[in-house]
$ cat coords_29.cif   # mmCIF, C-alpha atoms and all ligand atoms; chains and numbers go by the auth columns
data_entry
loop_
_atom_site.group_PDB
_atom_site.id
_atom_site.type_symbol
_atom_site.label_atom_id
_atom_site.label_comp_id
_atom_site.label_asym_id
_atom_site.label_seq_id
_atom_site.Cartn_x
_atom_site.Cartn_y
_atom_site.Cartn_z
_atom_site.B_iso_or_equiv
_atom_site.auth_seq_id
_atom_site.auth_asym_id
ATOM 1 C CA MET A 1 78.429 87.887 142.332 0.00 5 Q
ATOM 2 C CA ASN A 2 78.983 86.359 138.893 0.00 6 Q
ATOM 3 C CA ALA A 3 81.620 83.855 137.844 0.00 7 Q
ATOM 4 C CA GLU A 4 83.970 86.601 136.635 0.00 8 Q
ATOM 5 C CA CYS A 5 84.165 88.053 140.145 0.00 9 Q
ATOM 6 C CA VAL A 6 85.527 84.992 141.894 0.00 10 Q
ATOM 7 C CA ALA A 7 89.096 84.968 140.608 0.00 11 Q
ATOM 8 C CA SER A 8 91.524 85.065 143.502 0.00 12 Q
ATOM 9 C CA GLN A 9 94.279 87.642 143.926 0.00 13 Q
ATOM 10 C CA ALA A 10 96.743 84.886 142.992 0.00 14 Q
ATOM 11 C CA ASP A 11 94.851 84.315 139.709 0.00 15 Q
ATOM 12 C CA ILE A 12 94.899 88.022 138.906 0.00 16 Q
ATOM 13 C CA THR A 13 98.564 88.400 139.863 0.00 17 Q
ATOM 14 C CA ALA A 14 99.436 85.496 137.541 0.00 18 Q
ATOM 15 C CA GLU A 15 97.457 87.096 134.695 0.00 19 Q
ATOM 16 C CA ILE A 16 99.242 90.407 135.284 0.00 20 Q
ATOM 17 C CA ALA A 17 102.641 88.669 135.169 0.00 21 Q
ATOM 18 C CA ARG A 18 101.779 86.858 131.926 0.00 22 Q
ATOM 19 C CA LEU A 19 100.750 90.092 130.242 0.00 23 Q
ATOM 20 C CA GLN A 20 103.794 91.933 131.574 0.00 24 Q
ATOM 21 C CA ASN A 21 106.080 89.331 130.018 0.00 25 Q
ATOM 22 C CA SER A 22 104.351 89.069 126.657 0.00 26 Q
ATOM 23 C CA GLY A 23 103.541 92.784 126.517 0.00 27 Q
ATOM 24 C CA ALA A 24 107.093 93.864 127.298 0.00 28 Q
ATOM 25 C CA ALA A 25 108.413 91.661 124.511 0.00 29 Q
ATOM 26 C CA GLU A 26 105.786 93.029 122.118 0.00 30 Q
ATOM 27 C CA TYR A 27 106.558 96.649 122.704 0.00 31 Q
ATOM 28 C CA ARG A 28 110.306 96.071 122.592 0.00 32 Q
ATOM 29 C CA ARG A 29 109.815 94.335 119.248 0.00 33 Q
ATOM 30 C CA ALA A 30 107.810 97.308 118.047 0.00 34 Q
ATOM 31 C CA GLY A 31 110.740 99.540 119.017 0.00 35 Q
ATOM 32 C CA GLY A 32 108.845 101.732 121.420 0.00 36 Q
ATOM 33 C CA GLU A 33 107.407 102.047 124.857 0.00 37 Q
ATOM 34 C CA GLU A 34 103.843 101.272 125.754 0.00 38 Q
ATOM 35 C CA ALA A 35 103.224 104.165 128.061 0.00 39 Q
ATOM 36 C CA GLN A 36 99.445 104.230 127.902 0.00 40 Q
ATOM 37 C CA PRO A 37 97.206 101.631 129.523 0.00 41 Q
ATOM 38 C CA ARG A 38 95.908 98.694 127.575 0.00 42 Q
ATOM 39 C CA LEU A 39 92.262 99.521 127.003 0.00 43 Q
ATOM 40 C CA ASP A 40 91.296 95.867 126.816 0.00 44 Q
ATOM 41 C CA TYR A 41 93.149 94.446 129.804 0.00 45 Q
ATOM 42 C CA PRO A 42 91.538 91.179 131.005 0.00 46 Q
ATOM 43 C CA PRO A 43 92.883 91.234 134.618 0.00 47 Q
ATOM 44 C CA TYR A 44 90.914 94.492 135.011 0.00 48 Q
ATOM 45 C CA ARG A 45 87.628 92.683 134.445 0.00 49 Q
ATOM 46 C CA SER A 46 85.355 95.565 133.571 0.00 50 Q
ATOM 47 C CA SER A 47 87.825 97.010 131.070 0.00 51 Q
ATOM 48 C CA ALA A 48 85.929 94.918 128.499 0.00 52 Q
ATOM 49 C CA LEU A 49 82.987 97.280 129.031 0.00 53 Q
ATOM 50 C CA ARG A 50 85.038 100.437 129.439 0.00 54 Q
ATOM 51 C CA HIS A 51 86.652 100.963 126.090 0.00 55 Q
ATOM 52 C CA PRO A 52 85.288 101.770 122.642 0.00 56 Q
ATOM 53 C CA LYS A 53 84.814 98.904 120.209 0.00 57 Q
ATOM 54 C CA HIS A 54 84.488 101.234 117.198 0.00 58 Q
ATOM 55 C CA PRO A 55 86.794 103.898 115.800 0.00 59 Q
ATOM 56 C CA PRO A 56 86.263 107.296 117.428 0.00 60 Q
ATOM 57 C CA LEU A 57 83.979 109.791 115.698 0.00 61 Q
ATOM 58 C CA ILE A 58 85.662 112.813 114.234 0.00 62 Q
ATOM 59 C CA VAL A 59 84.189 116.006 115.657 0.00 63 Q
ATOM 60 C CA ASP A 60 84.586 119.503 114.334 0.00 64 Q
ATOM 61 C CA PRO A 61 86.768 121.240 116.956 0.00 65 Q
ATOM 62 C CA GLU A 62 85.319 124.657 116.137 0.00 66 Q
ATOM 63 C CA GLU A 63 81.782 123.394 116.691 0.00 67 Q
ATOM 64 C CA VAL A 64 82.789 121.894 120.051 0.00 68 Q
ATOM 65 C CA GLU A 65 84.424 125.121 121.154 0.00 69 Q
ATOM 66 C CA ARG A 66 81.292 127.107 120.279 0.00 70 Q
ATOM 67 C CA ARG A 67 79.107 124.963 122.535 0.00 71 Q
ATOM 68 C CA ALA A 68 81.357 123.735 125.335 0.00 72 Q
ATOM 69 C CA PRO A 69 81.790 125.710 128.551 0.00 73 Q
ATOM 70 C CA CYS A 70 85.150 127.175 129.385 0.00 74 Q
ATOM 71 C CA PHE A 71 86.331 127.922 132.877 0.00 75 Q
ATOM 72 C CA GLY A 72 88.025 130.933 134.349 0.00 76 Q
ATOM 73 C CA SER A 73 88.907 132.337 137.737 0.00 77 Q
ATOM 74 C CA GLN A 74 85.368 133.776 138.080 0.00 78 Q
ATOM 75 C CA ASP A 75 84.018 130.210 138.272 0.00 79 Q
ATOM 76 C CA LEU A 76 86.115 129.144 141.259 0.00 80 Q
ATOM 77 C CA GLY A 77 85.723 129.938 144.922 0.00 81 Q
ATOM 78 C CA PRO A 78 88.640 130.717 147.235 0.00 82 Q
ATOM 79 C CA LEU A 79 88.223 127.446 149.172 0.00 83 Q
ATOM 80 C CA ASP A 80 87.737 125.145 146.182 0.00 84 Q
ATOM 81 C CA ALA A 81 91.323 123.881 146.409 0.00 85 Q
ATOM 82 C CA ASP A 82 91.083 123.202 150.152 0.00 86 Q
ATOM 83 C CA LEU A 83 89.281 119.889 150.640 0.00 87 Q
ATOM 84 C CA THR A 84 89.606 120.199 154.406 0.00 88 Q
ATOM 85 C CA ALA A 85 87.522 123.389 154.510 0.00 89 Q
ATOM 86 C CA GLY A 86 83.876 124.257 154.047 0.00 90 Q
ATOM 87 C CA ARG A 87 82.411 121.854 156.622 0.00 91 Q
ATOM 88 C CA PRO A 88 81.633 122.432 160.287 0.00 92 Q
ATOM 89 C CA GLY A 89 84.687 120.502 161.530 0.00 93 Q
ATOM 90 C CA GLU A 90 88.051 119.104 160.513 0.00 94 Q
ATOM 91 C CA PRO A 91 88.100 115.898 158.456 0.00 95 Q
ATOM 92 C CA ILE A 92 89.772 112.829 159.965 0.00 96 Q
ATOM 93 C CA GLY A 93 93.109 111.719 158.543 0.00 97 Q
ATOM 94 C CA GLU A 94 96.574 112.818 157.525 0.00 98 Q
ATOM 95 C CA ARG A 95 96.525 116.332 156.059 0.00 99 Q
ATOM 96 C CA ILE A 96 98.569 116.529 152.872 0.00 100 Q
ATOM 97 C CA ILE A 97 99.541 119.249 150.441 0.00 101 Q
ATOM 98 C CA VAL A 98 99.536 118.011 146.837 0.00 102 Q
ATOM 99 C CA THR A 99 101.149 120.267 144.318 0.00 103 Q
ATOM 100 C CA GLY A 100 102.875 120.102 140.970 0.00 104 Q
ATOM 101 C CA ARG A 101 102.912 121.564 137.503 0.00 105 Q
ATOM 102 C CA LEU A 102 100.976 120.991 134.313 0.00 106 Q
ATOM 103 C CA LEU A 103 103.552 120.796 131.543 0.00 107 Q
ATOM 104 C CA ASP A 104 103.774 120.251 127.808 0.00 108 Q
ATOM 105 C CA GLN A 105 106.257 117.920 126.147 0.00 109 Q
ATOM 106 C CA ALA A 106 109.007 120.544 126.228 0.00 110 Q
ATOM 107 C CA GLY A 107 108.519 121.178 129.952 0.00 111 Q
ATOM 108 C CA ARG A 108 106.760 124.492 129.355 0.00 112 Q
ATOM 109 C CA PRO A 109 103.994 125.410 131.825 0.00 113 Q
ATOM 110 C CA VAL A 110 100.364 125.057 130.775 0.00 114 Q
ATOM 111 C CA ALA A 111 98.690 127.991 132.520 0.00 115 Q
ATOM 112 C CA GLY A 112 95.067 128.786 133.311 0.00 116 Q
ATOM 113 C CA GLN A 113 93.754 125.212 133.085 0.00 117 Q
ATOM 114 C CA LEU A 114 91.046 123.792 135.304 0.00 118 Q
ATOM 115 C CA VAL A 115 92.391 120.932 137.439 0.00 119 Q
ATOM 116 C CA GLU A 116 89.779 118.898 139.335 0.00 120 Q
ATOM 117 C CA ILE A 117 90.371 116.105 141.853 0.00 121 Q
ATOM 118 C CA TRP A 118 88.164 113.568 143.582 0.00 122 Q
ATOM 119 C CA GLN A 119 89.111 110.916 146.101 0.00 123 Q
ATOM 120 C CA ALA A 120 88.102 108.567 148.899 0.00 124 Q
ATOM 121 C CA ASN A 121 88.373 109.699 152.514 0.00 125 Q
ATOM 122 C CA ALA A 122 91.025 108.490 154.976 0.00 126 Q
ATOM 123 C CA ALA A 123 89.033 105.286 155.543 0.00 127 Q
ATOM 124 C CA GLY A 124 88.915 104.523 151.814 0.00 128 Q
ATOM 125 C CA ARG A 125 85.238 105.457 151.348 0.00 129 Q
ATOM 126 C CA TYR A 126 83.821 107.678 148.630 0.00 130 Q
ATOM 127 C CA ARG A 127 80.865 109.904 149.333 0.00 131 Q
ATOM 128 C CA HIS A 128 78.913 108.247 146.535 0.00 132 Q
ATOM 129 C CA GLN A 129 75.805 106.075 146.578 0.00 133 Q
ATOM 130 C CA ARG A 130 77.609 103.266 144.753 0.00 134 Q
ATOM 131 C CA ASP A 131 80.250 103.015 147.456 0.00 135 Q
ATOM 132 C CA GLN A 132 78.548 101.121 150.280 0.00 136 Q
ATOM 133 C CA HIS A 133 81.458 99.150 151.712 0.00 137 Q
ATOM 134 C CA PRO A 134 81.567 99.169 155.526 0.00 138 Q
ATOM 135 C CA ALA A 135 84.056 101.970 156.119 0.00 139 Q
ATOM 136 C CA PRO A 136 82.875 105.197 157.736 0.00 140 Q
ATOM 137 C CA LEU A 137 81.893 108.309 155.842 0.00 141 Q
ATOM 138 C CA ASP A 138 83.427 111.496 157.185 0.00 142 Q
ATOM 139 C CA PRO A 139 80.824 114.236 157.677 0.00 143 Q
ATOM 140 C CA ASN A 140 83.588 116.809 157.219 0.00 144 Q
ATOM 141 C CA PHE A 141 84.976 115.498 153.952 0.00 145 Q
ATOM 142 C CA THR A 142 83.351 115.440 150.519 0.00 146 Q
ATOM 143 C CA GLY A 143 86.519 114.531 148.597 0.00 147 Q
ATOM 144 C CA ALA A 144 86.272 116.910 145.631 0.00 148 Q
ATOM 145 C CA GLY A 145 88.252 120.024 144.780 0.00 149 Q
ATOM 146 C CA ARG A 146 89.434 122.180 141.904 0.00 150 Q
ATOM 147 C CA CYS A 147 91.772 124.996 140.987 0.00 151 Q
ATOM 148 C CA LEU A 148 93.258 126.755 137.984 0.00 152 Q
ATOM 149 C CA THR A 149 96.916 126.371 137.108 0.00 153 Q
ATOM 150 C CA GLY A 150 98.986 129.496 137.680 0.00 154 Q
ATOM 151 C CA PRO A 151 101.263 131.255 135.188 0.00 155 Q
ATOM 152 C CA ASP A 152 103.976 128.681 135.952 0.00 156 Q
ATOM 153 C CA GLY A 153 101.541 125.783 135.356 0.00 157 Q
ATOM 154 C CA SER A 154 101.325 125.005 139.050 0.00 158 Q
ATOM 155 C CA TYR A 155 98.341 123.646 140.940 0.00 159 Q
ATOM 156 C CA ARG A 156 98.008 123.115 144.686 0.00 160 Q
ATOM 157 C CA PHE A 157 95.520 121.289 146.896 0.00 161 Q
ATOM 158 C CA LEU A 158 95.214 120.812 150.627 0.00 162 Q
ATOM 159 C CA THR A 159 93.464 117.536 151.356 0.00 163 Q
ATOM 160 C CA ILE A 160 93.482 114.310 153.390 0.00 164 Q
ATOM 161 C CA LYS A 161 95.507 111.279 152.375 0.00 165 Q
ATOM 162 C CA PRO A 162 93.000 108.788 150.948 0.00 166 Q
ATOM 163 C CA GLY A 163 92.867 105.196 152.157 0.00 167 Q
ATOM 164 C CA PRO A 164 92.988 102.097 149.948 0.00 168 Q
ATOM 165 C CA TYR A 165 89.576 100.595 149.227 0.00 169 Q
ATOM 166 C CA PRO A 166 88.093 97.264 148.145 0.00 170 Q
ATOM 167 C CA TRP A 167 86.504 96.782 144.740 0.00 171 Q
ATOM 168 C CA ARG A 168 84.844 93.860 143.027 0.00 172 Q
ATOM 169 C CA ASN A 169 87.248 93.063 140.236 0.00 173 Q
ATOM 170 C CA HIS A 170 88.116 89.773 141.912 0.00 174 Q
ATOM 171 C CA ASP A 171 87.996 88.196 145.352 0.00 175 Q
ATOM 172 C CA ASN A 172 89.606 90.415 148.016 0.00 176 Q
ATOM 173 C CA ALA A 173 90.661 93.087 145.491 0.00 177 Q
ATOM 174 C CA TRP A 174 92.043 96.378 146.880 0.00 178 Q
ATOM 175 C CA ARG A 175 93.003 99.552 145.041 0.00 179 Q
ATOM 176 C CA PRO A 176 96.193 101.361 146.047 0.00 180 Q
ATOM 177 C CA ALA A 177 95.488 104.781 147.580 0.00 181 Q
ATOM 178 C CA HIS A 178 95.044 107.325 144.788 0.00 182 Q
ATOM 179 C CA ILE A 179 93.611 110.690 143.851 0.00 183 Q
ATOM 180 C CA HIS A 180 91.722 111.083 140.573 0.00 184 Q
ATOM 181 C CA PHE A 181 92.732 114.086 138.470 0.00 185 Q
ATOM 182 C CA SER A 182 90.937 115.735 135.559 0.00 186 Q
ATOM 183 C CA VAL A 183 92.520 118.449 133.432 0.00 187 Q
ATOM 184 C CA PHE A 184 90.454 120.516 131.024 0.00 188 Q
ATOM 185 C CA GLY A 185 91.945 122.107 127.963 0.00 189 Q
ATOM 186 C CA THR A 186 90.048 124.691 125.976 0.00 190 Q
ATOM 187 C CA ALA A 187 87.199 122.266 125.210 0.00 191 Q
ATOM 188 C CA PHE A 188 85.617 119.125 126.664 0.00 192 Q
ATOM 189 C CA THR A 189 87.199 117.027 123.910 0.00 193 Q
ATOM 190 C CA GLN A 190 90.614 117.862 125.358 0.00 194 Q
ATOM 191 C CA ARG A 191 89.812 116.685 128.863 0.00 195 Q
ATOM 192 C CA LEU A 192 92.377 114.287 130.360 0.00 196 Q
ATOM 193 C CA VAL A 193 91.609 112.038 133.336 0.00 197 Q
ATOM 194 C CA THR A 194 94.270 110.223 135.352 0.00 198 Q
ATOM 195 C CA GLN A 195 95.203 109.012 138.844 0.00 199 Q
ATOM 196 C CA MET A 196 98.013 109.994 141.203 0.00 200 Q
ATOM 197 C CA TYR A 197 99.456 107.383 143.572 0.00 201 Q
ATOM 198 C CA PHE A 198 101.572 107.550 146.717 0.00 202 Q
ATOM 199 C CA PRO A 199 105.134 106.215 146.986 0.00 203 Q
ATOM 200 C CA GLY A 200 105.761 102.806 148.518 0.00 204 Q
ATOM 201 C CA ASP A 201 102.205 101.465 148.286 0.00 205 Q
ATOM 202 C CA PRO A 202 102.233 97.680 148.862 0.00 206 Q
ATOM 203 C CA LEU A 203 99.218 97.241 146.554 0.00 207 Q
ATOM 204 C CA PHE A 204 100.934 98.364 143.318 0.00 208 Q
ATOM 205 C CA ASP A 205 101.907 94.868 142.204 0.00 209 Q
ATOM 206 C CA LEU A 206 98.425 93.515 142.875 0.00 210 Q
ATOM 207 C CA ASP A 207 96.379 96.202 141.144 0.00 211 Q
ATOM 208 C CA PRO A 208 95.259 95.453 137.589 0.00 212 Q
ATOM 209 C CA ILE A 209 94.432 99.113 136.882 0.00 213 Q
ATOM 210 C CA PHE A 210 97.945 100.297 137.794 0.00 214 Q
ATOM 211 C CA GLN A 211 99.461 97.306 135.994 0.00 215 Q
ATOM 212 C CA SER A 212 97.440 97.861 132.808 0.00 216 Q
ATOM 213 C CA ILE A 213 100.242 100.283 131.908 0.00 217 Q
ATOM 214 C CA LEU A 214 102.927 97.851 130.805 0.00 218 Q
ATOM 215 C CA ASP A 215 105.844 100.277 130.717 0.00 219 Q
ATOM 216 C CA PRO A 216 107.386 100.441 134.242 0.00 220 Q
ATOM 217 C CA ALA A 217 108.703 103.969 133.624 0.00 221 Q
ATOM 218 C CA ALA A 218 105.205 105.163 132.681 0.00 222 Q
ATOM 219 C CA ARG A 219 103.812 103.587 135.861 0.00 223 Q
ATOM 220 C CA GLN A 220 106.445 105.399 137.921 0.00 224 Q
ATOM 221 C CA ARG A 221 105.308 108.706 136.439 0.00 225 Q
ATOM 222 C CA LEU A 222 101.944 108.238 138.202 0.00 226 Q
ATOM 223 C CA ILE A 223 103.562 108.097 141.654 0.00 227 Q
ATOM 224 C CA ALA A 224 103.926 111.364 143.533 0.00 228 Q
ATOM 225 C CA ARG A 225 107.164 112.200 145.314 0.00 229 Q
ATOM 226 C CA TYR A 226 107.224 113.003 149.013 0.00 230 Q
ATOM 227 C CA ASP A 227 108.730 116.480 149.350 0.00 231 Q
ATOM 228 C CA HIS A 228 109.710 117.514 152.849 0.00 232 Q
ATOM 229 C CA ASP A 229 110.140 121.116 151.726 0.00 233 Q
ATOM 230 C CA LEU A 230 106.405 121.238 151.058 0.00 234 Q
ATOM 231 C CA THR A 231 105.391 120.213 154.529 0.00 235 Q
ATOM 232 C CA GLN A 232 103.953 122.647 157.023 0.00 236 Q
ATOM 233 C CA PRO A 233 105.281 122.094 160.543 0.00 237 Q
ATOM 234 C CA GLU A 234 102.775 120.432 162.837 0.00 238 Q
ATOM 235 C CA TYR A 235 100.116 120.685 160.133 0.00 239 Q
ATOM 236 C CA ALA A 236 100.564 118.754 156.862 0.00 240 Q
ATOM 237 C CA THR A 237 102.951 116.564 154.869 0.00 241 Q
ATOM 238 C CA GLY A 238 103.641 117.295 151.199 0.00 242 Q
ATOM 239 C CA TYR A 239 103.644 115.466 147.858 0.00 243 Q
ATOM 240 C CA ARG A 240 104.723 116.726 144.468 0.00 244 Q
ATOM 241 C CA TRP A 241 103.414 115.399 141.174 0.00 245 Q
ATOM 242 C CA ASP A 242 103.720 116.879 137.676 0.00 246 Q
ATOM 243 C CA ILE A 243 101.302 116.120 134.849 0.00 247 Q
ATOM 244 C CA VAL A 244 102.652 116.078 131.300 0.00 248 Q
ATOM 245 C CA VAL A 245 99.889 116.514 128.731 0.00 249 Q
ATOM 246 C CA CYS A 246 101.705 115.423 125.554 0.00 250 Q
ATOM 247 C CA GLY A 247 104.913 113.932 124.169 0.00 251 Q
ATOM 248 C CA VAL A 248 106.792 110.755 125.029 0.00 252 Q
ATOM 249 C CA ARG A 249 106.766 111.482 128.767 0.00 253 Q
ATOM 250 C CA ARG A 250 103.050 112.110 128.744 0.00 254 Q
ATOM 251 C CA THR A 251 101.182 111.140 131.887 0.00 255 Q
ATOM 252 C CA TRP A 252 98.917 108.128 131.456 0.00 256 Q
ATOM 253 C CA THR A 253 95.286 109.121 130.965 0.00 257 Q
ATOM 254 C CA GLU A 254 92.100 107.118 130.960 0.00 258 Q
ATOM 255 C CA ASP A 255 90.388 108.446 127.882 0.00 259 Q
ATOM 256 C CA ASP A 256 92.795 107.666 125.078 0.00 260 Q
ATOM 257 C CA GLY A 257 91.277 105.900 122.115 0.00 261 Q
HETATM 258 FE FE FE B . 89.183 105.725 142.889 0.00 301 P
#
$ encode --input "coords_29.cif" --output "structure tokens"
Amino acid sequence: MNAECVASQADITAEIARLQNSGAAEYRRAGGEEAQPRLDYPPYRSSALRHPKHPPLIVDPEEVERRAPCFGSQDLGPLDADLTAGRPGEPIGERIIVTGRLLDQAGRPVAGQLVEIWQANAAGRYRHQRDQHPAPLDPNFTGAGRCLTGPDGSYRFLTIKPGPYPWRNHDNAWRPAHIHFSVFGTAFTQRLVTQMYFPGDPLFDLDPIFQSILDPAARQRLIARYDHDLTQPEYATGYRWDIVVCGVRRTWTEDDG
């Protein structure tokens, strides 16, 4: 563990508060909201390594579209959107239905788009060689799924509610429970990557990734809404979360800049 890893949660929380205060004043002065995350956000230690230091290269969109794959219904299996299926047994945890719509800035549906998700299991463990923290893997849960949006822009997954997990940003750092989302457009250069959170998580205030979005309204847009009408009796609870791909109410994404 290097010196950067030993900040306490209190240190990180104080850094977050300082940036919230100065950042809020800055974006009010600029007359706008700051709805996208700060790419260089010191409380999120590795953000220094995670953002470009040079202006982006301009690529020819036609050239990209000639070479990049595109996805259609023929590429997806019937169980791809059911993360509880495809293994010998049932995964452990709270079954949830996660659904919502992919929308443009005018609220119009964005149809036929590939939506992919990946997530930790109910114990907060990813099935990935870099996740070795001592929580159990679930032999019946891989944590990845995908679907295409329907004509009304809707997507729907059946999965297990992920647990919070530790990470090494600072001492005793924990991420709020979340599901990673990727949305493809018509080419790889249009891919958007974001995270969906669950309402009422006690870790929101402590998490430098969530807090790297300074605008509180933009942070709220990452939190799904519990929807009792979505639940299936004696089977699953339900959450609803829309993704807006452009405009002032655009959902925060990781790959801007
Ligand atoms: Fe994650």
$ closest_atom_pairs --input "coords_29.cif" --of "chain Q" --to "ligand FE 301 (chain P)" --cutoff "7 Å" --atoms "only C-alpha atoms and all ligand atoms" --output "JSON lines"
{"residue": "Q:Gln123", "atom": "CA", "partner": "P:FE301", "partner_atom": "FE", "distance": 6.1}
{"residue": "Q:Ala124", "atom": "CA", "partner": "P:FE301", "partner_atom": "FE", "distance": 6.7}
{"residue": "Q:His182", "atom": "CA", "partner": "P:FE301", "partner_atom": "FE", "distance": 6.4}
{"residue": "Q:Ile183", "atom": "CA", "partner": "P:FE301", "partner_atom": "FE", "distance": 6.7}
{"residue": "Q:His184", "atom": "CA", "partner": "P:FE301", "partner_atom": "FE", "distance": 6.4}
$ write_last_selection --input "coords_29.cif" --atoms "C-alpha atoms" --output "PDB file, keeping the file's coordinate frame"
ATOM      1  CA  GLN Q 123      89.111 110.916 146.101  1.00  0.00           C
ATOM      2  CA  ALA Q 124      88.102 108.567 148.899  1.00  0.00           C
ATOM      3  CA  HIS Q 182      95.044 107.325 144.788  1.00  0.00           C
ATOM      4  CA  ILE Q 183      93.611 110.690 143.851  1.00  0.00           C
ATOM      5  CA  HIS Q 184      91.722 111.083 140.573  1.00  0.00           C
TER       6      HIS Q 184
END
$ atom_distance --input "coords_29.cif" --atom1 "atom CA of Q:Gln78" --atom2 "atom CA of Q:Val102"
22.9 Å
$ atom_distance --input "coords_29.cif" --atom1 "atom CA of Q:Ile62" --atom2 "atom CA of Q:Leu152"
28.6 Å
$ atom_distance --input "coords_29.cif" --atom1 "atom CA of Q:Glu238" --atom2 "atom CA of Q:Tyr159"
22.6 Å
$ residues_around --input "coords_29.cif" --residues "stretch 108-117 of chain Q" --least-positions-apart "4" --cutoff "6 Å" --atoms "only C-alpha atoms" --output "PyMOL selection string"
chain Q and resi 152-157+248-251
$ resolve_selection --input "coords_29.cif" --expression "the PyMOL selection byres (((chain Q and resi 254-256) around 10) and not hetatm)" --output "ChimeraX atom specification"
/Q:39-41,107-109,196-200,217,222-226,246-253,257-260
$ closest_residue --input "coords_29.cif" --among "Q:Leu87, Q:His174, Q:Gln215, Q:Arg150" --to "Q:Arg22" --atoms "only C-alpha atoms"
Q:Gln215
$ closest_residue --input "coords_29.cif" --among "Q:Thr146, Q:Trp178, Q:Phe161, Q:Leu210" --to "Q:Glu94" --atoms "only C-alpha atoms"
Q:Thr146
$ closest_residue --input "coords_29.cif" --among "Q:Val10, Q:Leu207, Q:Val119, Q:Ile227" --to "Q:Gly76" --atoms "all atoms listed in the file"
Q:Val119
$ closest_residue --input "coords_29.cif" --among "Q:Ile100, Q:Cys151, Q:Ala21, Q:Leu61" --to "Q:Thr88" --atoms "all atoms listed in the file"
Q:Ile100
$ resolve_selection --input "coords_29.cif" --expression "the PyMOL selection byres (((chain Q and resi 216) around 10) and not hetatm)" --output "count of residues only"
23
$ residues_around --input "coords_29.cif" --residues "stretch 230-235 of chain Q" --least-positions-apart "3" --cutoff "8 Å" --atoms "only C-alpha atoms" --output "number ranges by chain"
Q: 100-101, 203, 239-244
